[in-house]
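Coordinates as given in upload16.csv (CSV, C-alpha atoms):
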chain,number,residue,atom,x,y,z
A,1,MET,CA,-59.9,-38.1,-60.6
A,2,SER,CA,-56.4,-37.7,-59.0
A,3,THR,CA,-54.0,-35.0,-60.2
A,4,ILE,CA,-51.1,-37.5,-60.5
A,5,PHE,CA,-50.8,-37.2,-64.3
A,6,ASN,CA,-51.7,-33.6,-64.7
A,7,PRO,CA,-49.1,-31.6,-66.7
A,8,PRO,CA,-46.7,-29.2,-64.9
A,9,GLY,CA,-48.4,-26.0,-63.7
A,10,PHE,CA,-51.9,-27.3,-64.3
A,11,ASN,CA,-52.8,-27.8,-60.6
A,12,PRO,CA,-53.6,-25.0,-58.2
A,13,PRO,CA,-51.7,-25.0,-54.9
A,14,ASN,CA,-52.8,-27.7,-52.6
A,15,PRO,CA,-53.2,-26.4,-49.0
A,16,PHE,CA,-52.5,-29.8,-47.5
A,17,SER,CA,-49.2,-30.5,-49.2
A,18,THR,CA,-47.1,-28.3,-46.9
A,19,PRO,CA,-48.3,-29.6,-43.5
A,20,ILE,CA,-48.2,-33.2,-44.8
A,21,GLN,CA,-44.7,-32.8,-46.2
A,22,ALA,CA,-43.5,-31.0,-43.0
A,23,PHE,CA,-44.6,-34.0,-40.9
A,24,LEU,CA,-43.3,-36.6,-43.3
A,25,SER,CA,-40.0,-35.0,-44.3
A,26,SER,CA,-38.5,-34.4,-40.8
A,27,GLY,CA,-36.5,-37.6,-40.9
A,28,ASN,CA,-37.8,-39.1,-37.8
A,29,LEU,CA,-41.0,-38.8,-35.8
A,30,SER,CA,-39.2,-37.5,-32.7
A,31,SER,CA,-38.3,-34.3,-34.5
A,32,ALA,CA,-41.4,-34.0,-36.6
A,33,PRO,CA,-44.4,-31.9,-35.6
A,34,ALA,CA,-46.7,-33.9,-33.3
A,35,PRO,CA,-49.1,-36.0,-35.4
A,36,GLU,CA,-52.0,-34.7,-33.5
A,37,GLU,CA,-50.9,-31.1,-34.2
A,38,THR,CA,-50.6,-31.8,-38.0
A,39,ALA,CA,-54.0,-33.7,-38.0
A,40,ALA,CA,-55.7,-30.8,-36.2
A,41,HIS,CA,-54.3,-28.3,-38.7
A,42,ILE,CA,-55.5,-30.4,-41.6
A,43,ILE,CA,-58.9,-30.8,-40.1
A,44,THR,CA,-59.2,-27.0,-39.5
A,45,ILE,CA,-58.5,-26.4,-43.2
A,46,VAL,CA,-61.3,-28.8,-44.2
A,47,SER,CA,-63.8,-27.6,-41.6
A,48,ASN,CA,-63.3,-23.9,-42.6
A,49,SER,CA,-63.4,-24.6,-46.3
A,50,PRO,CA,-66.2,-23.1,-48.4
A,51,ASP,CA,-66.2,-26.4,-50.3
A,52,PRO,CA,-65.4,-29.2,-47.8
A,53,THR,CA,-66.0,-31.9,-50.4
A,54,TYR,CA,-63.3,-30.5,-52.6
A,55,ALA,CA,-61.1,-29.9,-49.6
A,56,LEU,CA,-61.3,-33.6,-48.7
A,57,TRP,CA,-60.5,-34.5,-52.2
A,58,GLN,CA,-57.4,-32.3,-52.0
A,59,LEU,CA,-56.4,-33.8,-48.7
A,60,TRP,CA,-56.3,-37.3,-49.9
A,61,ASP,CA,-54.7,-36.3,-53.2
A,62,ALA,CA,-51.8,-34.7,-51.3
A,63,PHE,CA,-51.6,-37.7,-48.9
A,64,PHE,CA,-51.5,-40.4,-51.5
A,65,ILE,CA,-49.0,-38.5,-53.7
A,66,ALA,CA,-46.8,-38.3,-50.6
A,67,ALA,CA,-47.2,-42.0,-50.0
A,68,PHE,CA,-46.3,-43.3,-53.5
A,69,THR,CA,-43.4,-40.8,-53.9
A,70,CYS,CA,-41.9,-42.0,-50.6
A,71,SER,CA,-39.0,-44.5,-51.2
A,72,ILE,CA,-38.6,-45.4,-47.5
A,73,THR,CA,-40.8,-46.7,-44.7
A,74,HIS,CA,-44.4,-45.6,-44.5
A,75,HIS,CA,-44.5,-45.6,-40.7
A,76,ALA,CA,-45.0,-41.8,-40.6
A,77,HIS,CA,-47.9,-42.0,-43.1
A,78,ILE,CA,-49.7,-44.6,-41.0
A,79,THR,CA,-49.1,-42.5,-37.9
A,80,LEU,CA,-50.5,-39.4,-39.5
A,81,LEU,CA,-53.5,-41.3,-40.8
A,82,GLY,CA,-54.2,-42.7,-37.3
A,83,ALA,CA,-54.0,-39.2,-35.8
A,84,ILE,CA,-56.5,-37.9,-38.4
A,85,ARG,CA,-58.8,-40.8,-37.6
A,86,ALA,CA,-58.6,-40.1,-33.9
A,87,GLN,CA,-59.7,-36.5,-34.2
A,88,PRO,CA,-63.2,-35.7,-32.8
A,89,PRO,CA,-66.1,-35.0,-35.2
A,90,THR,CA,-66.0,-31.4,-36.4
A,91,GLN,CA,-68.7,-29.0,-37.4
A,92,LEU,CA,-68.4,-27.7,-40.9
A,93,LYS,CA,-68.8,-24.0,-41.6
A,94,HIS,CA,-70.3,-24.8,-45.0
A,95,VAL,CA,-72.2,-28.1,-45.7
A,96,PRO,CA,-72.8,-28.6,-49.4
A,97,SER,CA,-76.0,-30.5,-50.3
A,98,LYS,CA,-73.9,-33.1,-52.3
A,99,LEU,CA,-71.9,-34.2,-49.2
A,100,ASN,CA,-72.6,-37.8,-48.5
A,101,PRO,CA,-74.9,-37.9,-45.3
A,102,ALA,CA,-73.2,-41.1,-44.2
A,103,LEU,CA,-70.0,-39.1,-43.5
A,104,LEU,CA,-71.9,-37.0,-40.9
A,105,LEU,CA,-72.7,-37.8,-37.2
A,106,GLY,CA,-75.5,-36.6,-35.0
A,107,SER,CA,-79.2,-35.9,-35.4
A,108,GLY,CA,-81.1,-33.0,-36.8
A,109,THR,CA,-80.5,-31.2,-40.1
A,110,GLN,CA,-77.5,-32.1,-42.2
A,111,ALA,CA,-76.1,-28.6,-41.5
A,112,ALA,CA,-76.2,-29.2,-37.8
A,113,ARG,CA,-74.3,-32.5,-38.0
A,114,LYS,CA,-70.6,-33.1,-37.8
A,115,LEU,CA,-68.0,-34.7,-40.1
A,116,ASN,CA,-67.0,-38.1,-38.8
A,117,TRP,CA,-63.2,-38.3,-39.0
A,118,SER,CA,-63.0,-41.8,-37.6
A,119,ALA,CA,-64.4,-42.9,-41.0
A,120,LEU,CA,-61.7,-41.1,-42.9
A,121,PRO,CA,-64.3,-39.4,-45.2
A,122,TYR,CA,-63.7,-40.1,-49.0
A,123,PHE,CA,-60.4,-41.9,-48.3
A,124,ARG,CA,-61.7,-45.3,-49.6
A,125,SER,CA,-63.0,-43.9,-53.0
A,126,GLN,CA,-59.9,-41.8,-53.6
A,127,TRP,CA,-57.6,-44.7,-52.7
A,128,ARG,CA,-59.4,-46.8,-55.3
A,129,ASP,CA,-59.0,-44.0,-57.9
A,130,VAL,CA,-55.3,-43.7,-57.3
A,131,HIS,CA,-54.7,-47.4,-57.2
A,132,ASP,CA,-56.5,-48.0,-60.5
A,133,VAL,CA,-54.8,-45.1,-62.3
A,134,LEU,CA,-51.3,-46.2,-61.1
A,135,GLN,CA,-52.1,-49.9,-62.0
A,136,ALA,CA,-53.3,-49.0,-65.4
A,137,TRP,CA,-50.2,-46.9,-66.2
A,138,ARG,CA,-47.6,-49.1,-64.4
A,139,ASP,CA,-46.0,-50.0,-67.6
A,140,TRP,CA,-45.4,-46.4,-68.6
A,141,GLY,CA,-41.6,-45.9,-69.1
A,142,GLY,CA,-41.2,-42.6,-67.3
A,143,ALA,CA,-42.9,-39.5,-66.0
A,144,ARG,CA,-42.1,-36.1,-67.5
A,145,ALA,CA,-39.5,-33.9,-65.9
A,146,PRO,CA,-40.5,-30.3,-65.4
A,147,ARG,CA,-39.3,-27.8,-68.0
A,148,GLU,CA,-37.2,-24.8,-66.9
A,149,GLY,CA,-39.3,-22.2,-65.2
A,150,ASP,CA,-42.1,-24.6,-64.4
A,151,ASN,CA,-43.6,-24.6,-60.9
A,152,PRO,CA,-45.5,-27.9,-61.2
A,153,GLY,CA,-46.2,-28.8,-57.5
A,154,PRO,CA,-46.1,-32.4,-56.3
A,155,THR,CA,-47.4,-34.4,-59.3
A,156,VAL,CA,-46.1,-37.5,-61.0
A,157,SER,CA,-45.6,-35.4,-64.1
A,158,SER,CA,-43.0,-33.3,-62.2
A,159,LEU,CA,-41.0,-36.3,-60.9
A,160,CYS,CA,-38.4,-38.1,-62.9
A,161,SER,CA,-39.3,-41.7,-62.3
A,162,SER,CA,-41.1,-44.6,-63.7
A,163,VAL,CA,-44.7,-45.2,-62.8
A,164,ASP,CA,-44.0,-48.8,-61.8
A,165,LYS,CA,-42.0,-47.4,-58.9
A,166,TYR,CA,-45.0,-45.3,-57.8
A,167,PHE,CA,-47.4,-48.3,-58.1
A,168,GLN,CA,-45.1,-50.5,-56.1
A,169,ARG,CA,-44.6,-47.9,-53.3
A,170,PHE,CA,-48.4,-47.3,-53.2
A,171,CYS,CA,-49.0,-51.0,-52.7
A,172,VAL,CA,-46.3,-51.1,-50.1
A,173,PHE,CA,-48.1,-48.4,-48.2
A,174,SER,CA,-51.5,-49.9,-48.7
A,175,ALA,CA,-50.5,-53.4,-47.5
A,176,ALA,CA,-48.8,-51.9,-44.5
A,177,GLN,CA,-51.9,-49.8,-43.7
A,178,LEU,CA,-54.1,-52.9,-44.1
A,179,LYS,CA,-51.9,-54.8,-41.7
A,180,ALA,CA,-52.0,-51.9,-39.2
A,181,ASP,CA,-55.8,-51.7,-39.4
A,182,ARG,CA,-56.2,-55.5,-39.3
A,183,GLY,CA,-58.8,-55.2,-42.0
A,184,LYS,CA,-61.0,-52.8,-40.0
A,185,GLY,CA,-60.0,-49.7,-41.9
A,186,GLN,CA,-60.7,-48.2,-45.3
A,187,ILE,CA,-58.5,-50.6,-47.4
A,188,SER,CA,-60.2,-53.9,-48.1
A,189,PRO,CA,-58.4,-57.3,-47.7
A,190,ILE,CA,-59.8,-58.3,-51.1
A,191,TRP,CA,-56.9,-56.5,-52.7
A,192,VAL,CA,-54.6,-59.2,-51.4
A,193,PHE,CA,-56.7,-61.7,-53.4
A,194,PHE,CA,-56.7,-59.6,-56.5
A,195,ALA,CA,-53.0,-59.1,-56.5
A,196,CYS,CA,-52.3,-62.8,-56.0
A,197,ARG,CA,-54.9,-63.9,-58.6
A,198,ASP,CA,-53.5,-61.6,-61.2
A,199,ALA,CA,-49.8,-62.4,-60.7
A,200,LEU,CA,-49.4,-65.8,-59.0
A,201,GLU,CA,-52.0,-67.6,-61.1
A,202,ARG,CA,-50.2,-67.0,-64.3
A,203,GLU,CA,-47.2,-69.0,-65.6
A,204,GLY,CA,-45.4,-65.9,-66.7
A,205,PRO,CA,-45.6,-62.7,-68.7
A,206,GLY,CA,-48.2,-62.6,-71.5
A,207,PRO,CA,-47.3,-62.0,-75.2
A,208,GLY,CA,-46.8,-58.4,-76.3
A,209,GLU,CA,-44.8,-56.3,-78.7
A,210,PRO,CA,-42.5,-53.6,-77.5
A,211,ARG,CA,-44.2,-50.2,-77.5
A,212,ALA,CA,-42.7,-46.7,-77.3
A,213,HIS,CA,-42.4,-45.4,-73.8
A,214,ARG,CA,-43.8,-48.7,-72.4
A,215,MET,CA,-42.1,-51.4,-70.4
A,216,SER,CA,-41.8,-54.9,-71.6
A,217,PRO,CA,-44.4,-57.6,-70.5
A,218,GLU,CA,-41.6,-59.3,-68.6
A,219,HIS,CA,-40.9,-56.2,-66.6
A,220,VAL,CA,-44.6,-55.7,-65.8
A,221,TRP,CA,-45.0,-59.3,-64.8
A,222,ALA,CA,-42.0,-59.1,-62.4
A,223,LEU,CA,-43.6,-56.0,-60.9
A,224,ASP,CA,-47.0,-57.7,-60.5
A,225,VAL,CA,-45.3,-60.7,-58.8
A,226,ARG,CA,-43.5,-58.3,-56.4
A,227,VAL,CA,-46.7,-56.4,-55.6
A,228,ALA,CA,-48.5,-59.7,-54.9
A,229,ALA,CA,-45.8,-60.8,-52.5
A,230,THR,CA,-45.9,-57.5,-50.7
A,231,TRP,CA,-49.7,-57.7,-50.3
A,232,LEU,CA,-49.4,-61.3,-49.1
A,233,ARG,CA,-46.5,-60.7,-46.7
A,234,ASP,CA,-48.2,-57.8,-44.9
A,235,GLY,CA,-51.9,-58.5,-45.6
A,236,GLY,CA,-52.2,-62.2,-46.0
A,237,ARG,CA,-53.2,-63.0,-42.5
A,238,VAL,CA,-55.8,-60.2,-42.6
A,239,LEU,CA,-57.3,-61.8,-45.7
A,240,TRP,CA,-57.3,-65.2,-44.1
A,241,GLU,CA,-59.1,-63.9,-41.0
A,242,THR,CA,-61.7,-62.0,-43.0
A,243,ASP,CA,-65.3,-63.3,-42.9
A,244,TYR,CA,-65.4,-65.4,-46.1
A,245,GLU,CA,-69.2,-65.2,-46.5
A,246,GLU,CA,-69.1,-61.4,-46.2
A,247,SER,CA,-66.4,-61.2,-48.9
A,248,ARG,CA,-68.5,-63.4,-51.2
A,249,ARG,CA,-71.5,-61.1,-50.8
A,250,SER,CA,-69.5,-58.3,-52.5
A,251,TRP,CA,-66.9,-60.2,-54.6
A,252,ALA,CA,-68.5,-63.6,-55.5
A,253,ALA,CA,-67.9,-63.2,-59.3
A,254,ALA,CA,-64.2,-62.3,-58.8
A,255,LEU,CA,-63.7,-65.1,-56.3
A,256,ASN,CA,-65.2,-67.6,-58.7
A,257,ASP,CA,-63.3,-66.5,-61.8
A,258,LYS,CA,-61.1,-69.1,-63.4
A,259,THR,CA,-57.5,-68.3,-64.1
A,260,GLU,CA,-54.6,-69.9,-66.0
A,261,LEU,CA,-53.5,-71.9,-63.0
A,262,TRP,CA,-56.8,-72.1,-61.1
A,263,GLN,CA,-59.6,-73.7,-63.0
A,264,ARG,CA,-62.1,-74.1,-60.2
A,265,GLU,CA,-65.0,-71.9,-59.1
A,266,ASP,CA,-64.9,-72.5,-55.4
A,267,GLY,CA,-63.5,-69.2,-54.3
A,268,LEU,CA,-60.7,-68.8,-51.8
A,269,THR,CA,-60.0,-72.3,-50.4
A,270,ARG,CA,-57.0,-73.8,-48.6
A,271,ASP,CA,-56.0,-75.4,-51.9
A,272,ARG,CA,-55.8,-71.9,-53.5
A,273,TRP,CA,-53.6,-70.6,-50.7
A,274,ARG,CA,-51.4,-73.7,-51.1
A,275,LEU,CA,-51.1,-72.9,-54.8
A,276,TRP,CA,-50.0,-69.3,-53.9
A,277,GLU,CA,-47.3,-70.7,-51.5
A,278,GLU,CA,-46.1,-73.1,-54.2
A,279,ARG,CA,-45.9,-70.4,-56.8
A,280,LEU,CA,-44.1,-68.0,-54.4
A,281,ARG,CA,-41.5,-70.7,-53.6
A,282,ALA,CA,-41.0,-71.7,-57.2
A,283,LEU,CA,-40.6,-68.1,-58.4
A,284,SER,CA,-38.2,-67.4,-55.6
A,285,LEU,CA,-35.8,-70.0,-57.0
A,286,GLU,CA,-35.9,-68.5,-60.6
A,287,GLY,CA,-32.7,-66.8,-61.5
A,288,GLY,CA,-32.5,-64.1,-64.1
A,289,LYS,CA,-36.2,-63.2,-64.4
A,290,LEU,CA,-36.5,-61.7,-60.9
A,291,ASP,CA,-33.9,-59.8,-59.0
A,292,GLU,CA,-32.5,-60.8,-55.7
A,293,GLU,CA,-34.6,-58.4,-53.7
A,294,THR,CA,-37.8,-59.7,-55.3
A,295,ARG,CA,-36.9,-63.3,-54.7
A,296,SER,CA,-36.2,-62.5,-51.0
A,297,LEU,CA,-39.6,-60.9,-50.7
A,298,LEU,CA,-41.2,-64.0,-52.3
A,299,THR,CA,-39.6,-66.2,-49.7
A,300,GLU,CA,-40.9,-64.0,-46.9
A,301,ALA,CA,-44.4,-64.1,-48.3
A,302,ALA,CA,-44.2,-67.9,-48.8
A,303,GLY,CA,-43.3,-68.2,-45.1
A,304,VAL,CA,-46.3,-66.1,-44.1
A,305,VAL,CA,-48.6,-68.4,-46.1
A,306,GLU,CA,-47.0,-71.5,-44.8
A,307,GLY,CA,-47.4,-70.3,-41.2
A,308,ILE,CA,-51.1,-69.5,-41.8
A,309,LEU,CA,-51.8,-72.9,-43.3
A,310,ARG,CA,-49.9,-74.7,-40.6
A,311,GLU,CA,-51.6,-72.8,-37.7
A,312,SER,CA,-55.0,-73.3,-39.2
A,313,SER,CA,-54.6,-77.1,-39.4
A,314,ALA,CA,-53.1,-77.5,-35.9
How does this structure look as structure tokens?
Amino acid sequence: MSTIFNPPGFNPPNPFSTPIQAFLSSGNLSSAPAPEETAAHIITIVSNSPDPTYALWQLWDAFFIAAFTCSITHHAHITLLGAIRAQPPTQLKHVPSKLNPALLLGSGTQAARKLNWSALPYFRSQWRDVHDVLQAWRDWGGARAPREGDNPGPTVSSLCSSVDKYFQRFCVFSAAQLKADRGKGQISPIWVFFACRDALEREGPGPGEPRAHRMSPEHVWALDVRVAATWLRDGGRVLWETDYEESRRSWAAALNDKTELWQREDGLTRDRWRLWEERLRALSLEGGKLDEETRSLLTEAAGVVEGILRESSA
């Protein structure tokens, strides 16, 4: 479980926060430490750790918190992730028996094998954990500010912001990473589908009574629409080019689920893509419910879908 909602002062110091922040906070990549240097430092910490499984968990916890607290471009995050993935396999000083053997390369005993950095060990499972937690709490009205004298470290609880902002930024990073990896990395293109299904295949916000410290259904729906447009703009083409039969083997039930605006059980068809384009364009013309920045993003995403459908029928 991620530390993102732990109370101030609860978490022990994370050894990866400082090198990650040093690389990301330099303002531009030309003045930052070399990504290979930062990646090598990170990997040395993991390789020398008496508990590399926990060290990997700390690594991705620090990385993902840095990603969703970043309000600007995620180019540096993607660069650092690429540098980590490019590192050669490393020998661990301590190999716990519970370490997944699939993360190791080579033959012989598990202790003699090396950690495969090209697979970004444990990235996928921890990404899912952070995504699901932020999504579940995206309607929370605000994270706690630290009390005087607290030394909370980089957690959501120490940052004065609404969780919807963190979820939105996390999805911006994730969609950009998916695009950079062209679907061959650790983030699955199926998340483009999930975001579109859950937001674009509804007429609007569902019913709900105002709750203390929670955002209105209208606010949450507008967030979900923006997130769907982000995934489609940056990851739509990756989803389109993904092997459909391979996706069905893992996600058949989800692909066949009926929704408010999609009452068929034939998965991800051209008609469904066309529905998404129509919904994006219709929503981009709505005034009042969605802000100008969101409507502009919807127009961009609609253009991506239109281009995909046009090229595929040429």
Report, in Å with one decimal, the straight-line distance from atom CA of Gly206 of chain A to atom CA of Phe170 of chain A.
23.9 Å
Contact table segment 216-242 of chain A vs segment 290-304 of chain A, cut-off 9 Å, shortest pair per residue, all atoms listed in the file, as JSON lines:
{"residue": "A:Ala222", "atom": "CA", "partner": "A:Leu290", "partner_atom": "CA", "distance": 6.3}
{"residue": "A:Leu223", "atom": "CA", "partner": "A:Thr294", "partner_atom": "CA", "distance": 8.9}
{"residue": "A:Val225", "atom": "CA", "partner": "A:Thr294", "partner_atom": "CA", "distance": 8.3}
{"residue": "A:Arg226", "atom": "CA", "partner": "A:Thr294", "partner_atom": "CA", "distance": 6.0}
{"residue": "A:Ala228", "atom": "CA", "partner": "A:Leu298", "partner_atom": "CA", "distance": 8.9}
{"residue": "A:Ala229", "atom": "CA", "partner": "A:Ala301", "partner_atom": "CA", "distance": 5.5}
{"residue": "A:Thr230", "atom": "CA", "partner": "A:Leu297", "partner_atom": "CA", "distance": 7.2}
{"residue": "A:Trp231", "atom": "CA", "partner": "A:Ala301", "partner_atom": "CA", "distance": 8.5}
{"residue": "A:Leu232", "atom": "CA", "partner": "A:Ala301", "partner_atom": "CA", "distance": 5.8}
{"residue": "A:Arg233", "atom": "CA", "partner": "A:Ala301", "partner_atom": "CA", "distance": 4.3}
{"residue": "A:Asp234", "atom": "CA", "partner": "A:Ala301", "partner_atom": "CA", "distance": 8.1}
{"residue": "A:Gly236", "atom": "CA", "partner": "A:Val304", "partner_atom": "CA", "distance": 7.3}
{"residue": "A:Arg237", "atom": "CA", "partner": "A:Val304", "partner_atom": "CA", "distance": 7.7}
Contact residues around Trp57 of chain A with only C-alpha atoms at 12 Å, ignoring same-chain residues under 6 positions, as a list in words
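Residues near the query, excluding close chain neighbours: Met1, Ser2, Thr3, Asn14, Pro15, Phe16, Val46, Ser49, Asp51, Phe63, Phe64, Leu99, Leu120, Pro121, Tyr122, Phe123, Arg124, Ser125, Gln126, Trp127, Asp129 and Val130 of chain A.
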Between A:Glu260, A:Asp243, A:Glu311, A:Glu36, which is the closest to Ile190 of chain A once you count only C-alpha atoms?
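Closest candidate: A:Asp243.
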Can you tell me how far atom CA of Thr269 of chain A sits from atom CA of Asp198 of chain A, in Å to one decimal?
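Computed distance, atom CA of Thr269 of chain A to atom CA of Asp198 of chain A, equals 16.5 Å.
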Would you list the contacts of Leu80 of chain A as a VMD selection string, taking every protein, DNA or RNA residue within 12 Å and counting only C-alpha atoms, but skipping same-chain residues closer than 4 positions in sequence?
chain A and resid 19 to 24 29 32 to 42 63 66 to 67 74 to 76 84 to 87 120 177
Resulting file, chosen residues, C-alpha atoms, as a PDB file, in the frame of the given file:
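result_32.pdb, written as the output of this step:
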ATOM      1  CA  PRO A  19     -48.300 -29.600 -43.500  1.00  0.00           C
ATOM      2  CA  ILE A  20     -48.200 -33.200 -44.800  1.00  0.00           C
ATOM      3  CA  GLN A  21     -44.700 -32.800 -46.200  1.00  0.00           C
ATOM      4  CA  ALA A  22     -43.500 -31.000 -43.000  1.00  0.00           C
ATOM      5  CA  PHE A  23     -44.600 -34.000 -40.900  1.00  0.00           C
ATOM      6  CA  LEU A  24     -43.300 -36.600 -43.300  1.00  0.00           C
ATOM      7  CA  LEU A  29     -41.000 -38.800 -35.800  1.00  0.00           C
ATOM      8  CA  ALA A  32     -41.400 -34.000 -36.600  1.00  0.00           C
ATOM      9  CA  PRO A  33     -44.400 -31.900 -35.600  1.00  0.00           C
ATOM     10  CA  ALA A  34     -46.700 -33.900 -33.300  1.00  0.00           C
ATOM     11  CA  PRO A  35     -49.100 -36.000 -35.400  1.00  0.00           C
ATOM     12  CA  GLU A  36     -52.000 -34.700 -33.500  1.00  0.00           C
ATOM     13  CA  GLU A  37     -50.900 -31.100 -34.200  1.00  0.00           C
ATOM     14  CA  THR A  38     -50.600 -31.800 -38.000  1.00  0.00           C
ATOM     15  CA  ALA A  39     -54.000 -33.700 -38.000  1.00  0.00           C
ATOM     16  CA  ALA A  40     -55.700 -30.800 -36.200  1.00  0.00           C
ATOM     17  CA  HIS A  41     -54.300 -28.300 -38.700  1.00  0.00           C
ATOM     18  CA  ILE A  42     -55.500 -30.400 -41.600  1.00  0.00           C
ATOM     19  CA  PHE A  63     -51.600 -37.700 -48.900  1.00  0.00           C
ATOM     20  CA  ALA A  66     -46.800 -38.300 -50.600  1.00  0.00           C
ATOM     21  CA  ALA A  67     -47.200 -42.000 -50.000  1.00  0.00           C
ATOM     22  CA  HIS A  74     -44.400 -45.600 -44.500  1.00  0.00           C
ATOM     23  CA  HIS A  75     -44.500 -45.600 -40.700  1.00  0.00           C
ATOM     24  CA  ALA A  76     -45.000 -41.800 -40.600  1.00  0.00           C
ATOM     25  CA  ILE A  84     -56.500 -37.900 -38.400  1.00  0.00           C
ATOM     26  CA  ARG A  85     -58.800 -40.800 -37.600  1.00  0.00           C
ATOM     27  CA  ALA A  86     -58.600 -40.100 -33.900  1.00  0.00           C
ATOM     28  CA  GLN A  87     -59.700 -36.500 -34.200  1.00  0.00           C
ATOM     29  CA  LEU A 120     -61.700 -41.100 -42.900  1.00  0.00           C
ATOM     30  CA  GLN A 177     -51.900 -49.800 -43.700  1.00  0.00           C
TER      31      GLN A 177
END
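If you look at atom CA of Gly267 of chain A and atom CA of Ala199 of chain A, they are 16.6 Å away from each other.
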Within 12 Å of (-68.0, -64.6, -49.7), only C-alpha atoms: residues as a PyMOL selection string?
chain A and resi 190+239+242-256+266-269
Could you pull the residues within 7 Å of Pro217 of chain A, counting only C-alpha atoms, minus those fewer than 2 positions along the same chain, as a PyMOL selection string?
chain A and resi 205-206+208+215+219-221
Could you list, as a PDB file with C-alpha atoms, keeping the file's coordinate frame, every residue within 12 Å of Pro52 of chain A, counting all atoms listed in the file and ignoring same-chain residues fewer than 3 positions away?
ATOM      1  CA  ILE A  42     -55.500 -30.400 -41.600  1.00  0.00           C
ATOM      2  CA  ILE A  43     -58.900 -30.800 -40.100  1.00  0.00           C
ATOM      3  CA  THR A  44     -59.200 -27.000 -39.500  1.00  0.00           C
ATOM      4  CA  ILE A  45     -58.500 -26.400 -43.200  1.00  0.00           C
ATOM      5  CA  VAL A  46     -61.300 -28.800 -44.200  1.00  0.00           C
ATOM      6  CA  SER A  47     -63.800 -27.600 -41.600  1.00  0.00           C
ATOM      7  CA  ASN A  48     -63.300 -23.900 -42.600  1.00  0.00           C
ATOM      8  CA  SER A  49     -63.400 -24.600 -46.300  1.00  0.00           C
ATOM      9  CA  ALA A  55     -61.100 -29.900 -49.600  1.00  0.00           C
ATOM     10  CA  LEU A  56     -61.300 -33.600 -48.700  1.00  0.00           C
ATOM     11  CA  TRP A  57     -60.500 -34.500 -52.200  1.00  0.00           C
ATOM     12  CA  GLN A  58     -57.400 -32.300 -52.000  1.00  0.00           C
ATOM     13  CA  LEU A  59     -56.400 -33.800 -48.700  1.00  0.00           C
ATOM     14  CA  THR A  90     -66.000 -31.400 -36.400  1.00  0.00           C
ATOM     15  CA  GLN A  91     -68.700 -29.000 -37.400  1.00  0.00           C
ATOM     16  CA  LEU A  92     -68.400 -27.700 -40.900  1.00  0.00           C
ATOM     17  CA  LYS A  93     -68.800 -24.000 -41.600  1.00  0.00           C
ATOM     18  CA  HIS A  94     -70.300 -24.800 -45.000  1.00  0.00           C
ATOM     19  CA  VAL A  95     -72.200 -28.100 -45.700  1.00  0.00           C
ATOM     20  CA  PRO A  96     -72.800 -28.600 -49.400  1.00  0.00           C
ATOM     21  CA  SER A  97     -76.000 -30.500 -50.300  1.00  0.00           C
ATOM     22  CA  LYS A  98     -73.900 -33.100 -52.300  1.00  0.00           C
ATOM     23  CA  LEU A  99     -71.900 -34.200 -49.200  1.00  0.00           C
ATOM     24  CA  ASN A 100     -72.600 -37.800 -48.500  1.00  0.00           C
ATOM     25  CA  LEU A 103     -70.000 -39.100 -43.500  1.00  0.00           C
ATOM     26  CA  LYS A 114     -70.600 -33.100 -37.800  1.00  0.00           C
ATOM     27  CA  LEU A 115     -68.000 -34.700 -40.100  1.00  0.00           C
ATOM     28  CA  PRO A 121     -64.300 -39.400 -45.200  1.00  0.00           C
ATOM     29  CA  TYR A 122     -63.700 -40.100 -49.000  1.00  0.00           C
TER      30      TYR A 122
END
Taking the point (-50.6, -70.6, -68.1) as given in the file, collect each protein or nucleic acid residue that comes within 7 Å of it, counting all atoms listed in the file, and present the set as a PyMOL selection string.
chain A and resi 202-203+260-261
Proximity to Phe167 of chain A - best of A:Asn6, A:Ser71, A:Asn116, A:Ser216, only C-alpha atoms:
A:Ser71
Which one of A:Arg113, A:Phe10, A:Phe68, A:Glu265 sits closest to Pro89 of chain A if you count all atoms listed in the file?
A:Arg113
Under the rule that all atoms listed in the file are counted, which of A:Asn11, A:Gln135, A:Ser162, A:Ser118 is the nearest residue to Gly185 of chain A?
A:Ser118
